[in-house]
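Colleague: The following file, structure-v9.txt, comprises compact mmCIF, C-alpha atoms:
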# COMPACT_ATOMS: atom_id res chain seq x y z
CA MET A 1 0.00 0.00 0.00
CA LYS A 2 2.83 2.42 0.90
CA ASP A 3 4.34 1.91 -2.55
CA CYS A 4 1.21 3.16 -4.27
CA ILE A 5 1.46 6.43 -6.16
CA ASP A 6 -0.58 9.37 -4.92
CA GLU A 7 -3.28 9.04 -7.56
CA GLN A 8 -3.78 5.36 -6.70
CA LEU A 9 -4.12 6.24 -3.02
CA ILE A 10 -6.74 8.88 -3.84
CA SER A 11 -8.65 6.43 -5.96
CA LYS A 12 -8.55 3.84 -3.17
CA TYR A 13 -9.66 6.37 -0.57
CA LEU A 14 -12.58 7.47 -2.73
CA LYS A 15 -13.61 3.83 -2.95
CA GLY A 16 -13.75 3.71 0.86
CA ASP A 17 -10.23 2.76 1.98
CA GLU A 18 -9.55 5.09 4.93
CA GLU A 19 -5.95 3.92 5.31
CA SER A 20 -5.02 5.37 1.91
CA LEU A 21 -5.80 8.87 3.18
CA GLU A 22 -3.59 8.36 6.22
CA ILE A 23 -0.70 7.23 4.01
CA LEU A 24 -1.21 10.24 1.76
CA ILE A 25 -1.20 12.64 4.72
CA LYS A 26 1.87 10.99 6.26
CA ARG A 27 3.66 11.27 2.91
CA TYR A 28 3.06 15.01 2.63
CA LEU A 29 3.03 16.04 6.28
CA LYS A 30 6.70 16.92 6.47
CA PRO A 31 7.05 18.80 3.15
CA ILE A 32 3.83 20.72 3.67
CA TYR A 33 4.58 21.56 7.30
CA SER A 34 8.07 22.61 6.35
CA PHE A 35 6.79 24.81 3.53
CA VAL A 36 4.20 26.44 5.77
CA ARG A 37 6.67 26.81 8.65
CA HIS A 38 9.13 28.64 6.43
CA PHE A 39 6.35 30.91 5.23
CA VAL A 40 4.76 31.85 8.56
CA ARG A 41 7.84 31.40 10.76
CA ASP A 42 5.85 30.43 13.80
CA ASN A 43 5.43 26.85 15.04
CA GLN A 44 1.90 27.17 16.39
CA GLU A 45 0.61 29.03 13.34
CA ALA A 46 2.36 26.53 11.07
CA GLN A 47 0.59 23.64 12.82
CA ASP A 48 -2.81 25.32 12.44
CA ILE A 49 -2.21 26.14 8.78
CA ALA A 50 -0.85 22.67 7.98
CA GLN A 51 -3.98 21.19 9.57
CA GLU A 52 -6.16 23.49 7.49
CA VAL A 53 -4.26 22.52 4.33
CA PHE A 54 -4.96 18.82 4.86
CA VAL A 55 -8.61 19.42 5.76
CA LYS A 56 -8.99 21.48 2.56
CA MET A 57 -7.20 18.75 0.65
CA TRP A 58 -9.62 16.14 2.03
CA ARG A 59 -12.63 18.36 1.30
CA ASN A 60 -11.58 18.78 -2.35
CA LEU A 61 -10.28 15.28 -2.96
CA LYS A 62 -13.32 14.37 -5.05
CA LYS A 63 -12.62 17.35 -7.29
CA PHE A 64 -8.99 16.33 -7.88
CA ARG A 65 -8.40 15.60 -11.55
CA PRO A 66 -5.90 12.80 -12.21
CA GLU A 67 -4.36 14.63 -15.16
CA TYR A 68 -2.73 16.99 -12.64
CA ARG A 69 0.10 16.02 -10.33
CA PHE A 70 -1.10 15.58 -6.76
CA LYS A 71 2.07 17.04 -5.28
CA THR A 72 1.64 20.28 -7.24
CA TRP A 73 -2.04 20.39 -6.34
CA VAL A 74 -1.50 19.99 -2.60
CA PHE A 75 1.26 22.61 -2.59
CA THR A 76 -1.09 25.01 -4.39
CA ILE A 77 -3.58 24.50 -1.55
CA ALA A 78 -0.77 25.14 0.95
CA LYS A 79 0.29 28.32 -0.85
CA ASN A 80 -3.29 29.64 -0.98
CA THR A 81 -3.86 28.82 2.69
CA CYS A 82 -0.66 30.66 3.61
CA LEU A 83 -1.74 33.69 1.59
CA ASP A 84 -5.19 33.63 3.22
CA TRP A 85 -3.49 33.53 6.61
CA GLN A 86 -1.34 36.50 5.61
CA LYS A 87 -4.43 38.45 4.54
CA LYS A 88 -6.13 37.68 7.84
CA LYS A 89 -3.09 38.81 9.78
CA ARG A 90 -2.94 42.01 7.75
CA THR A 91 0.67 42.52 8.65
CA ILE A 92 3.21 43.43 6.08
CA PRO A 93 6.57 41.82 6.77
CA PHE A 94 9.19 44.46 7.12
CA SER A 95 11.63 44.28 4.33
CA ILE A 96 13.40 47.15 2.75
CA LEU A 97 14.32 44.87 -0.10
CA ASP A 98 10.79 44.19 -1.26
CA ASN A 99 10.39 46.76 -3.99
CA ASN A 100 7.86 44.65 -5.96
CA LYS A 101 9.95 44.81 -9.09
CA GLU A 102 10.57 41.67 -11.07
CA GLU A 103 13.17 43.29 -13.34
CA PHE A 104 16.89 43.12 -12.80
CA SER A 105 19.70 45.44 -13.15
CA PHE A 106 22.33 44.63 -15.71
CA SER A 107 24.84 43.84 -12.96
CA GLU A 108 22.67 40.94 -11.78
CA THR A 109 22.75 39.24 -15.15
CA ILE A 110 26.51 39.13 -15.64
CA GLU A 111 28.71 36.45 -14.19
CA ASP A 112 29.69 37.02 -10.61
CA LEU A 113 33.25 36.15 -9.68
CA ARG A 114 32.89 36.78 -5.98
CA PRO A 115 32.90 33.78 -3.62
CA LEU A 116 29.69 31.85 -3.17
CA PRO A 117 27.74 32.46 0.01
CA ASN A 118 28.34 28.86 1.09
CA GLU A 119 32.06 29.53 0.97
CA LEU A 120 31.56 32.63 3.09
CA LEU A 121 29.46 30.76 5.56
CA GLU A 122 31.84 27.90 6.10
CA LYS A 123 32.68 28.90 9.65
CA GLN A 124 29.19 29.80 10.68
CA ASP A 125 26.15 27.89 11.59
CA LEU A 126 24.97 27.54 8.04
CA THR A 127 21.54 26.22 8.70
CA THR A 128 20.64 28.93 11.20
CA SER A 129 22.05 31.70 9.06
CA LEU A 130 20.32 30.55 5.93
CA ASP A 131 17.06 30.12 7.77
CA ARG A 132 17.38 33.61 9.25
CA VAL A 133 18.22 35.13 5.89
CA LEU A 134 15.32 33.38 4.19
CA GLY A 135 13.08 34.67 6.95
CA THR A 136 13.88 38.24 6.03
CA LEU A 137 13.08 37.69 2.36
CA PRO A 138 9.70 38.76 1.00
CA ALA A 139 7.32 35.82 0.84
CA LYS A 140 7.18 35.63 -2.94
CA TYR A 141 10.93 35.02 -3.21
CA ARG A 142 11.01 32.79 -0.17
CA MET A 143 8.30 30.55 -1.63
CA VAL A 144 10.12 30.14 -4.94
CA LEU A 145 13.46 29.37 -3.32
CA PHE A 146 11.94 26.98 -0.84
CA LEU A 147 9.95 25.08 -3.45
CA ARG A 148 12.97 24.94 -5.73
CA TYR A 149 15.59 23.82 -3.23
CA ASN A 150 13.70 22.13 -0.44
CA ASP A 151 11.03 20.31 -2.42
CA HIS A 152 12.98 20.13 -5.70
CA PHE A 153 10.18 21.33 -7.92
CA THR A 154 10.89 22.39 -11.48
CA PHE A 155 10.24 25.98 -12.51
CA ARG A 156 7.19 24.82 -14.46
CA GLU A 157 5.78 23.11 -11.36
CA ILE A 158 6.49 26.15 -9.19
CA ALA A 159 4.69 28.29 -11.76
CA GLU A 160 1.70 25.94 -11.50
CA ILE A 161 1.72 26.03 -7.71
CA LEU A 162 2.06 29.80 -7.47
CA GLU A 163 -0.30 30.34 -10.40
CA GLU A 164 2.21 32.62 -12.08
CA SER A 165 3.98 32.55 -15.41
CA ILE A 166 7.19 30.57 -15.70
CA ASN A 167 9.11 33.75 -16.51
CA THR A 168 7.86 35.42 -13.32
CA VAL A 169 9.00 32.40 -11.33
CA LYS A 170 12.44 32.38 -12.94
CA SER A 171 12.67 36.08 -12.36
CA ARG A 172 11.73 35.72 -8.70
CA HIS A 173 14.24 32.91 -8.36
CA ARG A 174 17.07 35.06 -9.69
CA ARG A 175 15.99 37.97 -7.56
CA GLY A 176 15.69 35.76 -4.49
CA ILE A 177 19.16 34.34 -5.01
CA SER A 178 20.48 37.84 -5.44
CA LEU A 179 18.84 38.96 -2.19
CA VAL A 180 20.18 35.94 -0.30
CA ARG A 181 23.64 36.76 -1.53
CA LYS A 182 23.32 40.40 -0.50
CA LEU A 183 22.08 39.45 2.94
CA LEU A 184 24.79 36.84 3.50
CA THR A 185 27.75 38.95 2.43
CA MET B 1 25.68 35.18 -10.69
CA ARG B 2 24.87 32.06 -12.69
CA LYS B 3 26.23 29.64 -10.14
CA ASP B 4 24.86 26.51 -8.69
CA TYR B 5 23.10 27.35 -5.47
CA GLU B 6 22.01 23.79 -4.83
CA LYS B 7 24.98 23.37 -2.48
CA LEU B 8 24.07 26.42 -0.45
CA PHE B 9 20.45 25.44 -0.11
CA ALA B 10 21.45 21.96 0.97
CA TYR B 11 21.97 23.63 4.34
CA LEU B 12 18.31 24.53 4.40
CA LYS B 13 16.83 22.01 6.78
CA PRO B 14 13.15 21.18 6.39
CA ALA B 15 11.18 21.85 9.56
CA GLU B 16 10.12 18.69 11.36
CA PRO B 17 6.41 18.47 12.08
CA PRO B 18 5.77 18.17 15.82
CA ALA B 19 4.62 14.85 17.22
CA GLY B 20 0.85 14.78 17.41
CA LEU B 21 0.24 16.93 14.36
CA PHE B 22 -0.73 13.91 12.27
CA ASP B 23 -3.31 12.83 14.88
CA ARG B 24 -4.59 16.40 15.06
CA ILE B 25 -5.11 16.44 11.31
CA ILE B 26 -6.91 13.09 11.33
CA ILE B 27 -9.18 14.29 14.17
CA ALA B 28 -9.91 17.53 12.29
CA ILE B 29 -10.84 15.55 9.18
CA LYS B 30 -13.09 13.24 11.22
CA GLN B 31 -14.80 16.29 12.75
CA GLU B 32 -15.28 17.75 9.29
CA GLN B 33 -16.73 14.44 8.13
CA GLU B 34 -19.10 14.48 11.09
CA LEU B 35 -20.11 18.07 10.32
CA GLN B 36 -20.84 17.24 6.68
CA HIS B 37 -22.87 14.23 7.79
CA THR B 38 -24.82 16.40 10.26
CA LYS B 39 -25.47 19.00 7.55
CA LYS B 40 -26.92 16.30 5.30
CA LEU B 41 -28.99 14.99 8.19
CA VAL B 42 -30.31 18.47 9.04
CA PHE B 43 -31.15 19.09 5.40
CA ALA B 44 -33.02 15.77 5.21
CA PHE B 45 -34.81 16.46 8.50
CA VAL B 46 -35.90 19.99 7.54
CA SER B 47 -37.02 18.87 4.07
CA LEU B 48 -39.03 15.94 5.45
CA LEU B 49 -40.55 18.11 8.16
CA PHE B 50 -41.55 20.70 5.59
CA ILE B 51 -43.02 18.10 3.22
CA SER B 52 -44.93 16.29 5.96
CA LEU B 53 -46.30 19.58 7.38
CA ILE B 54 -47.70 20.41 3.97
CA THR B 55 -48.95 16.93 3.02
CA ILE B 56 -50.70 15.91 6.28
CA PRO B 57 -53.51 18.55 6.23
CA PHE B 58 -53.86 18.20 2.47
CA SER B 59 -54.07 14.38 2.50
CA TRP B 60 -56.39 14.52 5.55
CA SER B 61 -58.87 16.80 3.80
CA LEU B 62 -58.61 14.63 0.68
CA LEU B 63 -59.35 11.51 2.74
CA ILE B 64 -62.31 13.08 4.56
CA GLY B 65 -63.76 14.41 1.30
CA GLN B 66 -63.42 11.03 -0.40
CA LEU B 67 -64.88 9.20 2.63
CA GLU B 68 -67.93 11.46 2.61
CA SER B 69 -68.55 11.13 -1.10
CA SER B 70 -67.81 7.41 -1.36
CA GLY B 71 -70.68 6.18 0.81
CA VAL B 72 -68.43 3.88 2.80
CA LEU B 73 -69.63 5.51 6.01
CA TYR B 74 -73.21 4.60 5.10
CA PHE B 75 -72.29 0.92 4.73
CA VAL B 76 -70.30 0.96 7.99
CA SER B 77 -73.08 2.66 9.98
CA THR B 78 -75.65 0.19 8.62
CA GLY B 79 -73.41 -2.71 9.58
CA VAL B 80 -72.91 -1.33 13.09
CA SER B 81 -76.60 -0.56 13.69
CA ASP B 82 -77.87 -3.90 12.34
CA PHE B 83 -75.47 -6.69 13.26
CA GLY B 84 -77.91 -9.45 12.23
CA THR B 85 -78.14 -8.26 8.64
CA PHE B 86 -74.38 -7.55 8.59
CA PHE B 87 -73.50 -11.10 9.66
CA GLY B 88 -76.11 -12.58 7.35
CA LEU B 89 -74.84 -10.68 4.33
CA TRP B 90 -71.23 -10.13 5.41
CA GLN B 91 -69.75 -11.10 2.05
CA ASP B 92 -71.87 -8.53 0.17
CA PHE B 93 -71.26 -5.94 2.88
CA SER B 94 -67.51 -6.44 2.80
CA LEU B 95 -67.44 -6.24 -0.97
CA ALA B 96 -69.52 -3.06 -0.93
CA ILE B 97 -67.27 -1.48 1.70
CA LEU B 98 -64.12 -2.50 -0.20
CA GLU B 99 -65.50 -1.16 -3.46
CA SER B 100 -66.38 2.18 -1.92
CA LEU B 101 -63.09 2.64 -0.02
CA PRO B 102 -61.33 5.91 -1.03
CA ILE B 103 -58.00 4.23 -1.94
CA THR B 104 -56.25 7.40 -3.16
CA GLY B 105 -57.09 9.33 0.00
CA ILE B 106 -56.02 6.45 2.26
CA VAL B 107 -52.73 5.94 0.42
CA ALA B 108 -51.94 9.67 0.42
CA PHE B 109 -52.74 10.03 4.11
CA THR B 110 -50.81 6.88 5.06
CA ILE B 111 -47.72 8.07 3.16
CA SER B 112 -47.81 11.53 4.77
CA ILE B 113 -48.29 10.03 8.24
CA GLY B 114 -45.44 7.59 7.55
CA LEU B 115 -43.26 10.49 6.47
CA ALA B 116 -44.11 12.44 9.63
CA LEU B 117 -43.34 9.44 11.82
CA PHE B 118 -40.04 8.87 10.01
CA THR B 119 -39.16 12.56 10.54
CA LEU B 120 -40.00 12.24 14.22
CA ARG B 121 -37.92 9.08 14.47
CA LEU B 122 -35.01 10.81 12.72
CA PHE B 123 -35.27 13.69 15.14
CA LEU B 124 -35.44 11.43 18.22
CA TYR B 125 -32.58 9.28 16.95
CA ARG B 126 -30.14 12.19 16.46
CA LYS B 127 -31.89 14.87 18.56
CA ARG B 128 -28.79 16.00 20.39
CA LEU B 129 -26.76 16.33 17.21
CA LEU B 130 -29.55 18.07 15.30
CA LEU B 131 -30.43 20.47 18.12
CA LYS B 132 -26.79 21.34 18.66
CA TYR B 133 -26.31 22.06 14.97
CA LEU B 134 -29.56 24.04 14.64
CA ILE B 135 -28.86 26.12 17.76
CA TYR B 136 -25.31 26.78 16.58
CA SER B 137 -26.52 27.78 13.09
CA PHE B 138 -29.17 30.22 14.29
CA ARG B 139 -27.09 31.82 17.01
Using structure tokens, write down the structure from this file.
Modeller:
Amino acid sequence: MKDCIDEQLISKYLKGDEESLEILIKRYLKPIYSFVRHFVRDNQEAQDIAQEVFVKMWRNLKKFRPEYRFKTWVFTIAKNTCLDWQKKKRTIPFSILDNNKEEFSFSETIEDLRPLPNELLEKQDLTTSLDRVLGTLPAKYRMVLFLRYNDHFTFREIAEILEESINTVKSRHRRGISLVRKLLT
Amino acid sequence: MRKDYEKLFAYLKPAEPPAGLFDRIIIAIKQEQELQHTKKLVFAFVSLLFISLITIPFSWSLLIGQLESSGVLYFVSTGVSDFGTFFGLWQDFSLAILESLPITGIVAFTISIGLALFTLRLFLYRKRLLLKYLIYSFR
């Protein structure tokens, strides 16, 4: 049963097999919680939102169309739930770097010969620093970077999840990387 | 700028979900299931109540009207007042009563009473759940 692909598990659950749903939730609990946790940056809120994501997923399971990838679909629910939470909170994260521009300066497009941030961070607590830096990034960049490097989604999949064009996603990715670099150096 | 940042982001550790979150999610889904079930039950209860409230007086008046015009009451009262004749001619009497029975009215009234009893049974069976939901909805 655990070897079944997501779509098979959904099909089994819809036929009345309760265990399939549990396997599906267990499979996505960590990536979804992690995604939400990096977005909201609060353990309690992350738990509530992750719970809401899975309840929404369950509620809409009948509407899931097998031609879509389940992983992308569930992350779209997570993204929308996070954005709803942000709207409810009505707080704008402080970031002087969020200028809402997707364009880049010429300097960002040429090859950079300076050392990589990982080289600069060798003597530091890399995980903590990176987490802190990501926390200061505007959500739109943070989401792209997290989906790309934590969940290993392709740009096309990220575009599907975020309901944006692939060029916007690539642009946000470059901008996000650039911001991480600025904040780490 | 075009460098591989995979290495750097390898340091990004995914947050571990706390123990108990899975159970919390399963409980929340079960509660949601229960709520959906209650909603369906309330909808069924309200619909049946509405239908039976409309059909009982209507089917009752239909039954009374048909009983009065059918003459069945005449045969019954004759049978009751004159037992000797009734028992002597019971086959003819029974046939006459059966022929004059207002079948449509009886069927309609029986169905509406059955519906009302089923609604009452549904209410008594899940009264706590239904009352709780109704009170919560109208508050």
Colleague: Residues of chain B within 7 Å of chain A, using all atoms listed in the file, as a PyMOL selection string?
Modeller: chain B and resi 1-2+6+8-9+11-17+21+25+28-29
Colleague: May I have the residues from that selection written out with C-alpha atoms, as an mmCIF file, in the coordinates of the input?
Modeller:
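This went into part_9.cif:
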data_model
loop_
_atom_site.group_PDB
_atom_site.id
_atom_site.type_symbol
_atom_site.label_atom_id
_atom_site.label_comp_id
_atom_site.auth_asym_id
_atom_site.auth_seq_id
_atom_site.Cartn_x
_atom_site.Cartn_y
_atom_site.Cartn_z
ATOM 1 C CA MET B 1 25.680 35.180 -10.690
ATOM 2 C CA ARG B 2 24.870 32.060 -12.690
ATOM 3 C CA GLU B 6 22.010 23.790 -4.830
ATOM 4 C CA LEU B 8 24.070 26.420 -0.450
ATOM 5 C CA PHE B 9 20.450 25.440 -0.110
ATOM 6 C CA TYR B 11 21.970 23.630 4.340
ATOM 7 C CA LEU B 12 18.310 24.530 4.400
ATOM 8 C CA LYS B 13 16.830 22.010 6.780
ATOM 9 C CA PRO B 14 13.150 21.180 6.390
ATOM 10 C CA ALA B 15 11.180 21.850 9.560
ATOM 11 C CA GLU B 16 10.120 18.690 11.360
ATOM 12 C CA PRO B 17 6.410 18.470 12.080
ATOM 13 C CA LEU B 21 0.240 16.930 14.360
ATOM 14 C CA ILE B 25 -5.110 16.440 11.310
ATOM 15 C CA ALA B 28 -9.910 17.530 12.290
ATOM 16 C CA ILE B 29 -10.840 15.550 9.180
#
Colleague: Do you have the atom CA of Glu19 of chain A-atom CA of Glu34 of chain B distance handy?
Modeller: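 Separation between atom CA of Glu19 of chain A and atom CA of Glu34 of chain B: 17.8 Å.
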Colleague: Distance atom CA of Leu98 of chain B-atom CA of Ile54 of chain B, one decimal place?
Modeller: 28.5 Å
Colleague: Enter the distance from atom CA of Val40 of chain A to atom CA of Thr136 of chain A, in Å, rounded to one decimal.
Modeller: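 Rounded to one decimal, the two atoms are 11.4 Å apart.
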Colleague: With distances taken over only C-alpha atoms, which of B:Phe93, B:Gly79, B:Phe86, B:Ser70 is nearest to Gly105 of chain B?
Modeller: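 Counting only C-alpha atoms, the residue closest to Gly105 of chain B is B:Ser70.
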Colleague: Using all atoms listed in the file, determine which residues lie at most 10 Å from Phe64 of chain A, disregarding the query and same-chain residues fewer than 3 positions distant; provide the list as a list in words.
Modeller: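 Close residues of Phe64 of chain A: Glu7, Ile10, Met57, Trp58, Asn60, Leu61, Glu67, Tyr68, Arg69, Phe70, Trp73 and Val74 of chain A.
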Colleague: Could you save those same residues with C-alpha atoms as a PDB file, keeping the file's coordinate frame?
Modeller:
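This went into again-v4.pdb:
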ATOM      1  CA  GLU A   7      -3.280   9.040  -7.560  1.00  0.00           C
ATOM      2  CA  ILE A  10      -6.740   8.880  -3.840  1.00  0.00           C
ATOM      3  CA  MET A  57      -7.200  18.750   0.650  1.00  0.00           C
ATOM      4  CA  TRP A  58      -9.620  16.140   2.030  1.00  0.00           C
ATOM      5  CA  ASN A  60     -11.580  18.780  -2.350  1.00  0.00           C
ATOM      6  CA  LEU A  61     -10.280  15.280  -2.960  1.00  0.00           C
ATOM      7  CA  GLU A  67      -4.360  14.630 -15.160  1.00  0.00           C
ATOM      8  CA  TYR A  68      -2.730  16.990 -12.640  1.00  0.00           C
ATOM      9  CA  ARG A  69       0.100  16.020 -10.330  1.00  0.00           C
ATOM     10  CA  PHE A  70      -1.100  15.580  -6.760  1.00  0.00           C
ATOM     11  CA  TRP A  73      -2.040  20.390  -6.340  1.00  0.00           C
ATOM     12  CA  VAL A  74      -1.500  19.990  -2.600  1.00  0.00           C
TER      13      VAL A  74
END
Colleague: I need every residue sitting at most 12 Å from the point (-38.7, 9.8, 10.4) (coordinates as in the file, all atoms listed in the file considered), written as a list of chain:residue names.
Modeller: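 The residues that fall inside the cut-off are B:Leu41, B:Ala44, B:Phe45, B:Val46, B:Ser47, B:Leu48, B:Leu49, B:Ile51, B:Ser52, B:Ile111, B:Ser112, B:Ile113, B:Gly114, B:Leu115, B:Ala116, B:Leu117, B:Phe118, B:Thr119, B:Leu120, B:Arg121, B:Leu122, B:Phe123, B:Leu124, B:Tyr125, B:Arg126, B:Lys127.
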